[in-house]
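> Coordinates in my_file-v7.txt, compact mmCIF, C-alpha atoms and all ligand atoms, are listed below.
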```
# COMPACT_ATOMS: atom_id res chain seq x y z
CA MET A 1 -10.90 13.31 -15.80
CA THR A 2 -8.15 14.82 -13.69
CA PRO A 3 -9.35 18.09 -12.24
CA ASN A 4 -6.79 20.71 -11.56
CA PRO A 5 -7.95 22.87 -8.67
CA ASN A 6 -5.07 25.28 -9.18
CA GLN A 7 -6.48 26.61 -12.41
CA ASN A 8 -8.23 29.70 -11.16
CA PHE A 9 -7.82 31.85 -14.21
CA THR A 10 -8.45 35.56 -14.41
CA HIS A 11 -9.81 37.48 -17.32
CA GLU A 12 -6.58 39.39 -18.02
CA GLU A 13 -4.16 36.51 -18.38
CA GLU A 14 -6.34 34.42 -20.55
CA VAL A 15 -6.54 35.71 -24.02
CA GLU A 16 -3.59 35.88 -26.20
CA ASP A 17 -3.65 32.99 -28.56
CA TRP A 18 -6.90 32.47 -30.42
CA THR A 19 -5.44 29.46 -32.20
CA LYS A 20 -5.92 27.45 -29.02
CA PRO A 21 -9.10 25.42 -28.73
CA SER A 22 -11.84 27.62 -27.37
CA GLY A 23 -14.23 24.99 -26.07
CA VAL A 24 -14.38 21.67 -24.28
CA LEU A 25 -15.16 18.74 -26.55
CA PHE A 26 -14.76 15.68 -24.31
CA GLU A 27 -14.54 15.12 -20.57
CA SER A 28 -10.78 14.63 -21.01
CA ASP A 29 -10.32 18.22 -22.27
CA VAL A 30 -11.32 19.69 -18.92
CA THR A 31 -8.50 21.34 -16.99
CA THR A 32 -10.30 22.99 -14.09
CA ASP A 33 -12.25 21.54 -11.19
CA ASP A 34 -15.51 22.96 -12.48
CA GLY A 35 -15.44 21.59 -15.99
CA ALA A 36 -13.75 24.36 -17.99
CA LEU A 37 -10.60 24.89 -20.00
CA SER A 38 -7.88 26.78 -18.17
CA THR A 39 -8.09 29.51 -20.78
CA TYR A 40 -10.93 32.00 -20.90
CA THR A 41 -13.00 31.38 -24.01
CA GLY A 42 -15.14 34.50 -24.20
CA GLU A 43 -12.62 36.57 -26.15
CA PHE A 44 -11.99 33.98 -28.82
CA LYS A 45 -15.12 34.90 -30.74
CA GLN A 46 -14.23 36.39 -34.07
CA ALA A 47 -15.31 36.65 -37.63
CA GLN A 48 -12.52 38.05 -39.76
CA ALA A 49 -13.40 39.65 -43.09
CA TRP A 50 -13.41 36.90 -45.67
CA LYS A 51 -14.50 36.64 -49.29
CA ARG A 52 -16.98 33.81 -49.17
CA PRO A 53 -17.08 31.73 -52.37
CA LEU A 54 -20.65 30.60 -52.97
CA VAL A 55 -21.50 26.92 -53.45
CA TRP A 56 -24.17 27.22 -56.13
CA GLY A 57 -25.03 23.50 -56.06
CA ASN A 58 -26.11 23.74 -52.42
CA ILE A 59 -27.90 27.06 -52.96
CA ILE A 60 -30.02 25.48 -55.69
CA ILE A 61 -30.63 22.25 -53.73
CA PHE A 62 -31.73 24.07 -50.56
CA THR A 63 -33.90 26.53 -52.50
CA VAL A 64 -35.69 23.69 -54.29
CA THR A 65 -35.98 21.73 -51.01
CA HIS A 66 -37.65 24.63 -49.23
CA LEU A 67 -40.04 25.29 -52.12
CA ALA A 68 -40.94 21.59 -52.28
CA SER A 69 -41.51 21.48 -48.55
CA LEU A 70 -43.79 24.54 -48.77
CA TYR A 71 -45.87 22.61 -51.28
CA GLY A 72 -45.71 19.62 -48.91
CA GLY A 73 -47.03 21.87 -46.12
CA TYR A 74 -49.93 22.88 -48.38
CA LEU A 75 -50.72 19.24 -49.20
CA LEU A 76 -50.48 18.33 -45.52
CA PHE A 77 -53.53 20.50 -44.80
CA THR A 78 -55.45 19.85 -48.01
CA ASP A 79 -54.84 16.38 -49.39
CA THR A 80 -53.06 14.05 -46.96
CA LYS A 81 -54.43 11.03 -45.11
CA PRO A 82 -54.09 10.91 -41.30
CA ALA A 83 -52.01 7.74 -41.63
CA THR A 84 -49.47 9.63 -43.75
CA MET A 85 -49.37 12.50 -41.24
CA LEU A 86 -48.68 10.01 -38.45
CA PHE A 87 -46.08 8.25 -40.59
CA ALA A 88 -44.31 11.55 -41.35
CA PHE A 89 -44.28 12.36 -37.64
CA VAL A 90 -42.79 8.96 -36.78
CA MET A 91 -40.12 9.40 -39.47
CA TYR A 92 -39.35 12.83 -38.02
CA CYS A 93 -38.89 11.30 -34.55
CA LEU A 94 -36.76 8.40 -35.76
CA GLY A 95 -34.53 10.60 -37.92
CA MET A 96 -34.09 13.11 -35.12
CA LEU A 97 -33.04 10.35 -32.70
CA GLY A 98 -30.46 9.20 -35.25
CA ILE A 99 -28.93 12.68 -35.03
CA THR A 100 -29.32 13.45 -31.31
CA ALA A 101 -28.70 10.08 -29.64
CA GLY A 102 -26.46 8.83 -32.46
CA ALA A 103 -24.31 11.33 -34.33
CA HIS A 104 -24.32 13.82 -31.47
CA ARG A 105 -24.27 12.17 -28.06
CA LEU A 106 -22.74 8.81 -28.97
CA TRP A 107 -20.32 9.48 -31.80
CA SER A 108 -19.42 13.19 -31.44
CA HIS A 109 -18.98 13.34 -27.66
CA ARG A 110 -18.61 9.67 -26.66
CA SER A 111 -20.97 10.48 -23.77
CA PHE A 112 -21.87 6.78 -23.51
CA LYS A 113 -20.69 3.53 -25.01
CA ALA A 114 -22.94 1.39 -27.19
CA LYS A 115 -22.86 -2.22 -28.34
CA TRP A 116 -23.19 -2.96 -32.04
CA PRO A 117 -27.00 -3.46 -32.12
CA ALA A 118 -27.51 0.05 -30.72
CA ARG A 119 -24.91 1.52 -33.07
CA LEU A 120 -26.46 -0.23 -36.06
CA PHE A 121 -29.94 0.95 -35.08
CA LEU A 122 -28.77 4.55 -34.64
CA ALA A 123 -26.79 4.47 -37.91
CA ILE A 124 -29.94 3.34 -39.77
CA LEU A 125 -32.03 6.09 -38.14
CA ASN A 126 -29.31 8.58 -39.00
CA CYS A 127 -29.85 7.95 -42.73
CA ILE A 128 -33.48 9.11 -42.45
CA SER A 129 -32.52 12.71 -41.68
CA PHE A 130 -29.87 13.24 -44.44
CA GLN A 131 -27.48 15.57 -42.66
CA ASP A 132 -24.43 13.94 -44.22
CA SER A 133 -22.81 10.75 -43.01
CA ILE A 134 -22.13 10.25 -39.30
CA TYR A 135 -18.42 10.63 -40.09
CA TYR A 136 -18.79 14.11 -41.63
CA TRP A 137 -21.39 15.21 -39.08
CA VAL A 138 -19.10 14.29 -36.18
CA ARG A 139 -16.10 15.95 -37.84
CA ASP A 140 -18.00 19.25 -38.17
CA HIS A 141 -19.49 19.01 -34.71
CA ARG A 142 -16.16 18.35 -33.03
CA MET A 143 -14.76 21.45 -34.77
CA HIS A 144 -17.81 23.40 -33.53
CA HIS A 145 -17.06 22.57 -29.89
CA LYS A 146 -13.28 22.62 -30.04
CA TYR A 147 -13.03 26.00 -31.78
CA SER A 148 -16.42 27.31 -30.75
CA GLU A 149 -17.37 30.70 -32.21
CA THR A 150 -14.10 31.29 -34.02
CA ASP A 151 -13.43 31.05 -37.76
CA ALA A 152 -12.48 27.39 -37.29
CA ASP A 153 -16.04 26.64 -36.12
CA PRO A 154 -17.91 25.48 -39.28
CA HIS A 155 -21.12 27.31 -38.28
CA ASN A 156 -19.47 30.15 -36.41
CA THR A 157 -22.22 32.13 -34.65
CA SER A 158 -20.02 35.23 -34.62
CA ARG A 159 -20.96 35.61 -38.30
CA GLY A 160 -24.62 36.03 -37.44
CA PHE A 161 -27.86 34.10 -37.22
CA PHE A 162 -28.27 33.31 -40.93
CA TYR A 163 -24.71 32.07 -41.31
CA SER A 164 -24.94 29.76 -38.29
CA HIS A 165 -28.36 28.45 -39.41
CA ILE A 166 -27.92 27.65 -43.11
CA GLY A 167 -25.47 30.17 -44.57
CA TRP A 168 -22.45 28.05 -43.67
CA LEU A 169 -23.71 25.36 -46.04
CA LEU A 170 -24.03 27.81 -48.94
CA VAL A 171 -20.40 28.96 -49.00
CA ARG A 172 -17.04 27.24 -48.99
CA LYS A 173 -15.66 26.50 -45.54
CA HIS A 174 -13.43 29.16 -44.02
CA PRO A 175 -9.78 28.12 -44.52
CA ASP A 176 -9.32 27.86 -40.72
CA VAL A 177 -11.86 25.03 -40.59
CA THR A 178 -9.74 23.00 -43.00
CA ILE A 179 -6.37 23.97 -41.53
CA LYS A 180 -7.27 23.29 -37.91
CA GLY A 181 -9.46 20.36 -38.87
CA LYS A 182 -6.33 18.48 -39.93
CA GLY A 183 -5.39 18.11 -36.26
CA LEU A 184 -8.76 16.65 -35.29
CA ASP A 185 -8.69 13.11 -33.89
CA LEU A 186 -11.26 10.92 -35.64
CA SER A 187 -9.51 7.60 -34.94
CA ASP A 188 -12.47 6.34 -32.88
CA LEU A 189 -14.69 6.72 -35.95
CA HIS A 190 -12.20 4.90 -38.15
CA ALA A 191 -12.24 2.07 -35.60
CA ASP A 192 -16.04 1.74 -35.78
CA PRO A 193 -16.98 -0.47 -38.76
CA ILE A 194 -20.63 0.62 -38.61
CA VAL A 195 -19.70 4.31 -38.97
CA MET A 196 -17.28 3.59 -41.80
CA PHE A 197 -19.78 1.33 -43.61
CA GLN A 198 -22.44 4.03 -43.40
CA HIS A 199 -19.91 6.60 -44.65
CA LYS A 200 -18.79 4.45 -47.58
CA TYR A 201 -22.29 3.55 -48.79
CA TYR A 202 -24.01 6.74 -47.65
CA TYR A 203 -25.26 7.74 -51.07
CA TYR A 204 -27.01 4.37 -51.45
CA LEU A 205 -28.34 4.15 -47.87
CA MET A 206 -29.41 7.77 -47.35
CA PRO A 207 -31.72 8.03 -50.43
CA LEU A 208 -33.45 4.85 -49.27
CA GLY A 209 -33.95 6.11 -45.70
CA CYS A 210 -34.72 9.76 -46.42
CA PHE A 211 -36.64 9.72 -49.70
CA ILE A 212 -37.42 6.36 -51.32
CA LEU A 213 -38.96 4.38 -48.42
CA PRO A 214 -40.79 7.42 -46.94
CA THR A 215 -42.40 7.89 -50.38
CA LEU A 216 -43.12 4.23 -51.17
CA ILE A 217 -44.57 3.18 -47.80
CA PRO A 218 -47.60 5.55 -47.71
CA TRP A 219 -48.17 5.11 -51.45
CA LEU A 220 -48.11 1.30 -51.40
CA CYS A 221 -49.42 0.52 -47.91
CA TRP A 222 -52.46 2.80 -47.59
CA ASN A 223 -52.94 4.19 -51.08
CA GLU A 224 -51.76 7.69 -50.36
CA THR A 225 -51.28 9.82 -53.47
CA LEU A 226 -47.75 9.80 -54.80
CA ALA A 227 -47.62 13.59 -54.45
CA SER A 228 -48.54 13.59 -50.75
CA SER A 229 -46.25 10.63 -50.08
CA TYR A 230 -43.28 12.41 -51.59
CA PHE A 231 -43.91 16.05 -50.69
CA VAL A 232 -45.20 15.44 -47.14
CA ALA A 233 -43.50 12.30 -45.79
CA ALA A 234 -40.20 12.93 -47.56
CA MET A 235 -39.61 16.59 -48.46
CA PHE A 236 -41.66 18.45 -45.82
CA ARG A 237 -40.58 16.12 -43.02
CA TRP A 238 -36.92 16.31 -44.07
CA CYS A 239 -36.93 20.09 -44.43
CA VAL A 240 -38.48 20.60 -40.97
CA GLN A 241 -35.96 18.15 -39.55
CA LEU A 242 -33.11 20.12 -41.12
CA ASN A 243 -34.33 23.49 -39.88
CA MET A 244 -34.96 22.24 -36.36
CA THR A 245 -31.44 20.80 -36.18
CA TRP A 246 -29.99 24.03 -37.59
CA MET A 247 -31.84 25.93 -34.88
CA VAL A 248 -29.49 24.38 -32.35
CA ASN A 249 -26.68 26.24 -34.13
CA SER A 250 -28.63 29.48 -34.62
CA SER A 251 -31.47 30.02 -32.09
CA ALA A 252 -29.85 28.11 -29.24
CA HIS A 253 -26.71 30.21 -29.82
CA ALA A 254 -28.77 33.41 -29.66
CA TRP A 255 -31.74 33.31 -27.30
CA GLY A 256 -32.08 32.01 -23.76
CA GLY A 257 -30.48 32.14 -20.33
CA LYS A 258 -26.88 31.28 -19.58
CA PRO A 259 -26.94 29.83 -16.08
CA TYR A 260 -23.68 27.91 -16.52
CA ASP A 261 -21.43 30.28 -18.51
CA LYS A 262 -22.36 33.81 -19.54
CA GLY A 263 -19.11 34.21 -21.50
CA MET A 264 -20.37 32.15 -24.44
CA ASN A 265 -23.32 32.47 -26.83
CA PRO A 266 -24.92 29.01 -26.38
CA SER A 267 -28.13 29.43 -24.37
CA GLN A 268 -30.92 27.46 -22.73
CA ASN A 269 -33.72 27.29 -25.29
CA SER A 270 -36.72 25.07 -24.45
CA PHE A 271 -38.42 25.34 -27.86
CA VAL A 272 -35.31 24.02 -29.58
CA SER A 273 -35.14 21.24 -26.98
CA LEU A 274 -38.71 20.26 -27.65
CA MET A 275 -38.16 20.06 -31.41
CA THR A 276 -34.79 18.31 -31.28
CA PHE A 277 -35.54 15.91 -28.42
CA GLY A 278 -33.26 17.56 -25.93
CA GLU A 279 -30.56 19.52 -27.76
CA GLY A 280 -31.68 23.01 -26.80
CA TRP A 281 -30.10 23.11 -23.33
CA HIS A 282 -27.15 24.49 -25.17
CA ASN A 283 -25.45 26.56 -22.48
CA TYR A 284 -25.29 23.41 -20.35
CA HIS A 285 -24.16 21.31 -23.30
CA HIS A 286 -21.27 23.58 -24.30
CA VAL A 287 -20.11 23.69 -20.67
CA PHE A 288 -20.53 19.96 -19.99
CA PRO A 289 -20.56 18.29 -23.44
CA TRP A 290 -19.73 14.82 -22.12
CA ASP A 291 -23.04 14.52 -20.21
CA TYR A 292 -25.18 11.99 -22.14
CA ARG A 293 -28.35 13.87 -21.08
CA THR A 294 -27.13 17.18 -22.64
CA ALA A 295 -29.11 18.86 -19.85
CA GLU A 296 -29.42 19.25 -16.12
CA TRP A 297 -33.24 19.59 -16.12
CA GLY A 298 -36.01 18.51 -18.41
CA GLY A 299 -36.02 14.77 -17.74
CA TYR A 300 -37.56 12.77 -20.54
CA THR A 301 -40.23 15.30 -21.42
CA LEU A 302 -37.85 17.63 -23.20
CA SER A 303 -35.18 15.08 -23.99
CA HIS A 304 -36.51 11.96 -25.69
CA ALA A 305 -32.99 11.08 -26.77
CA THR A 306 -32.13 10.58 -23.09
CA LEU A 307 -35.10 8.22 -22.79
CA LEU A 308 -33.84 6.17 -25.72
CA ILE A 309 -30.31 5.96 -24.29
CA ASP A 310 -31.70 4.91 -20.89
CA LEU A 311 -33.78 2.22 -22.62
CA PHE A 312 -30.66 1.01 -24.39
CA ALA A 313 -28.88 0.90 -21.03
CA LYS A 314 -31.74 -1.14 -19.51
CA ILE A 315 -31.44 -3.87 -22.13
CA GLY A 316 -27.64 -3.82 -22.02
CA TRP A 317 -27.06 -2.10 -25.38
CA ALA A 318 -25.56 1.04 -23.78
CA TYR A 319 -23.23 1.41 -20.83
CA ASP A 320 -20.78 3.81 -19.21
CA LEU A 321 -23.28 6.68 -19.38
CA LYS A 322 -21.42 9.85 -18.37
CA THR A 323 -22.97 12.63 -16.29
CA VAL A 324 -21.77 15.61 -14.25
CA THR A 325 -21.85 15.81 -10.46
CA PRO A 326 -24.14 18.40 -8.82
CA GLU A 327 -21.05 19.81 -7.07
CA MET A 328 -19.31 20.52 -10.36
CA ILE A 329 -22.45 22.11 -11.78
CA LYS A 330 -22.83 24.28 -8.71
CA LYS A 331 -19.21 25.42 -8.76
CA ARG A 332 -19.29 26.31 -12.42
CA SER A 333 -22.66 28.01 -12.25
CA GLN A 334 -21.59 30.18 -9.32
CA ARG A 335 -18.32 31.15 -11.00
CA THR A 336 -19.34 31.85 -14.58
CA GLY A 337 -23.17 31.69 -14.76
CA ASP A 338 -25.42 34.67 -15.44
CA GLY A 339 -27.28 34.22 -12.16
CA THR A 340 -30.36 32.53 -13.63
CA HIS A 341 -29.64 29.04 -12.37
CA GLU A 342 -32.74 27.54 -10.71
CA LEU A 343 -30.84 26.58 -7.56
CA TYR A 344 -27.67 28.63 -7.44
CA GLY A 345 -28.55 31.86 -9.21
CA GLU A 346 -29.67 35.09 -7.60
CA LYS A 347 -31.96 36.01 -10.51
CA VAL A 348 -34.07 32.89 -10.33
CA VAL A 349 -36.79 32.77 -12.96
CA PRO A 350 -39.63 30.23 -13.12
CA SER A 351 -38.35 27.34 -15.16
CA VAL A 352 -40.58 25.06 -17.20
CA ALA A 353 -37.77 22.55 -17.46
CA LYS A 354 -37.21 22.24 -13.72
CA LYS A 355 -40.90 21.82 -13.01
CA ILE A 356 -41.32 18.89 -15.36
CA MET A 357 -38.10 17.10 -14.59
ZN ZN B 401 -23.34 24.81 -30.22
ZN ZN B 402 -22.30 18.85 -29.02
```
Since I need it in another form, could you write the structure as structure tokens?
Ligand SMILES: [Zn+2]
Ligand SMILES: [Zn+2]

Amino acid sequence: MTPNPNQNFTHEEEVEDWTKPSGVLFESDVTTDDGALSTYTGEFKQAQAWKRPLVWGNIIIFTVTHLASLYGGYLLFTDTKPATMLFAFVMYCLGMLGITAGAHRLWSHRSFKAKWPARLFLAILNCISFQDSIYYWVRDHRMHHKYSETDADPHNTSRGFFYSHIGWLLVRKHPDVTIKGKGLDLSDLHADPIVMFQHKYYYYLMPLGCFILPTLIPWLCWNETLASSYFVAAMFRWCVQLNMTWMVNSSAHAWGGKPYDKGMNPSQNSFVSLMTFGEGWHNYHHVFPWDYRTAEWGGYTLSHATLLIDLFAKIGWAYDLKTVTPEMIKKRSQRTGDGTHELYGEKVVPSVAKKIM
């Protein structure tokens, strides 16, 4: 990164061209000495009137999925063996790590480098959570950061909670997502044979990881009923996994403090962090997306993905782990934060995250 200390922008001169990227995506995007773009991003938020063509296939699939998972929730409390409950929980954890440590921190933001055994492991885990191939996930996520909260952001929060949670999957993409997406650099993904293999064979690998094995293992290994195996370990677990991940786009863009930048919607949300293994420190993450921890506080307790990456680093599978210096955090927090930062803010509030770091 080459910081430019001369970029002290003011609110007036900043906003004229909303077609510019509105958010930092990688460390290399930063153009100020405290981790920001040299343009002010707060005014880029917009949601122009747009006739949204419905995608009926997805509407039906997600309706059926949620109904099936409700039945799975009923079976969980009435007719499921403890071994199956534990198995579903483990599958939840593994699938979530495939998203957080894999698709998000490794492939979307390149916040650390990983040798092939780690990439293969994460690509396998990624199939368990069925959120599309790593390639498509990263493409959407890079658009989310680069054009954050504009019409080119696939789950643009400016269109409301429901849209940013699941609504964006029920309608065709806004034309700006496609138009601006053409300029997105995905060459690093094309150069990764594991990502491209997973992408090419996704619709063979994903059903195995998300539905077939989670159903067969409890049924065959400890004589669970086929209904509980399928509706609890596959459908219920998958649906909760989906909704918790979507909460990063909805809840963590709506509720929580903004100690690093009050000019954006992403917020510090500990519940979302707990459920997604560390992705709820979203104000921090949108300000410093290249930090492999996606958080300043919280340690391993509220970021199990960080624990996994550190374990990888210990055995030599991960290296070049990127973080942010305390000086940069301090500078940015004092300039654009909402005053709730645990160390630098004037409106200090008791923080669970800081206490358990
Ligand atoms: Zn976000
Ligand atoms: Zn991100």
> Work out how far apart CA of Met85 in chain A and CA of Leu169 in chain A are and give it in Å to one decimal.
29.1 Å
> What do you get as a VMD selection string if you pick all residues at most 8 Å from ligand ZN 401 (chain B), counting only C-alpha atoms and all ligand atoms?
chain A and resid 144 to 145 148 248 to 249 252 to 253 266 282 285 to 286
> Skipping near chain neighbours, those fewer than 2 positions away, what residues fall within 10 Å of Leu189 in chain A using all atoms listed in the file, listed as number ranges by chain?
A: 107-108, 134-135, 138-139, 185-187, 191-196
> Write a file of the just-selected residues containing C-alpha atoms, as an mmCIF file, keeping the file's coordinate frame.

```cif
data_model
loop_
_atom_site.group_PDB
_atom_site.id
_atom_site.type_symbol
_atom_site.label_atom_id
_atom_site.label_comp_id
_atom_site.auth_asym_id
_atom_site.auth_seq_id
_atom_site.Cartn_x
_atom_site.Cartn_y
_atom_site.Cartn_z
ATOM 1 C CA TRP A 107 -20.320 9.480 -31.800
ATOM 2 C CA SER A 108 -19.420 13.190 -31.440
ATOM 3 C CA ILE A 134 -22.130 10.250 -39.300
ATOM 4 C CA TYR A 135 -18.420 10.630 -40.090
ATOM 5 C CA VAL A 138 -19.100 14.290 -36.180
ATOM 6 C CA ARG A 139 -16.100 15.950 -37.840
ATOM 7 C CA ASP A 185 -8.690 13.110 -33.890
ATOM 8 C CA LEU A 186 -11.260 10.920 -35.640
ATOM 9 C CA SER A 187 -9.510 7.600 -34.940
ATOM 10 C CA ALA A 191 -12.240 2.070 -35.600
ATOM 11 C CA ASP A 192 -16.040 1.740 -35.780
ATOM 12 C CA PRO A 193 -16.980 -0.470 -38.760
ATOM 13 C CA ILE A 194 -20.630 0.620 -38.610
ATOM 14 C CA VAL A 195 -19.700 4.310 -38.970
ATOM 15 C CA MET A 196 -17.280 3.590 -41.800
#
```
> Return the single residue from A:Tyr260, A:Tyr201, A:Tyr292, A:Trp238 that is closest to Phe130 in chain A, with distances computed using only C-alpha atoms.
A:Trp238
> Set the distance at 6 Å and use all atoms listed in the file: which residues neighbour range 269-278 of chain A once local chain neighbours fewer than 4 positions away are removed? I'd like the list as a ChimeraX atom specification.
/A:252,256,302-305
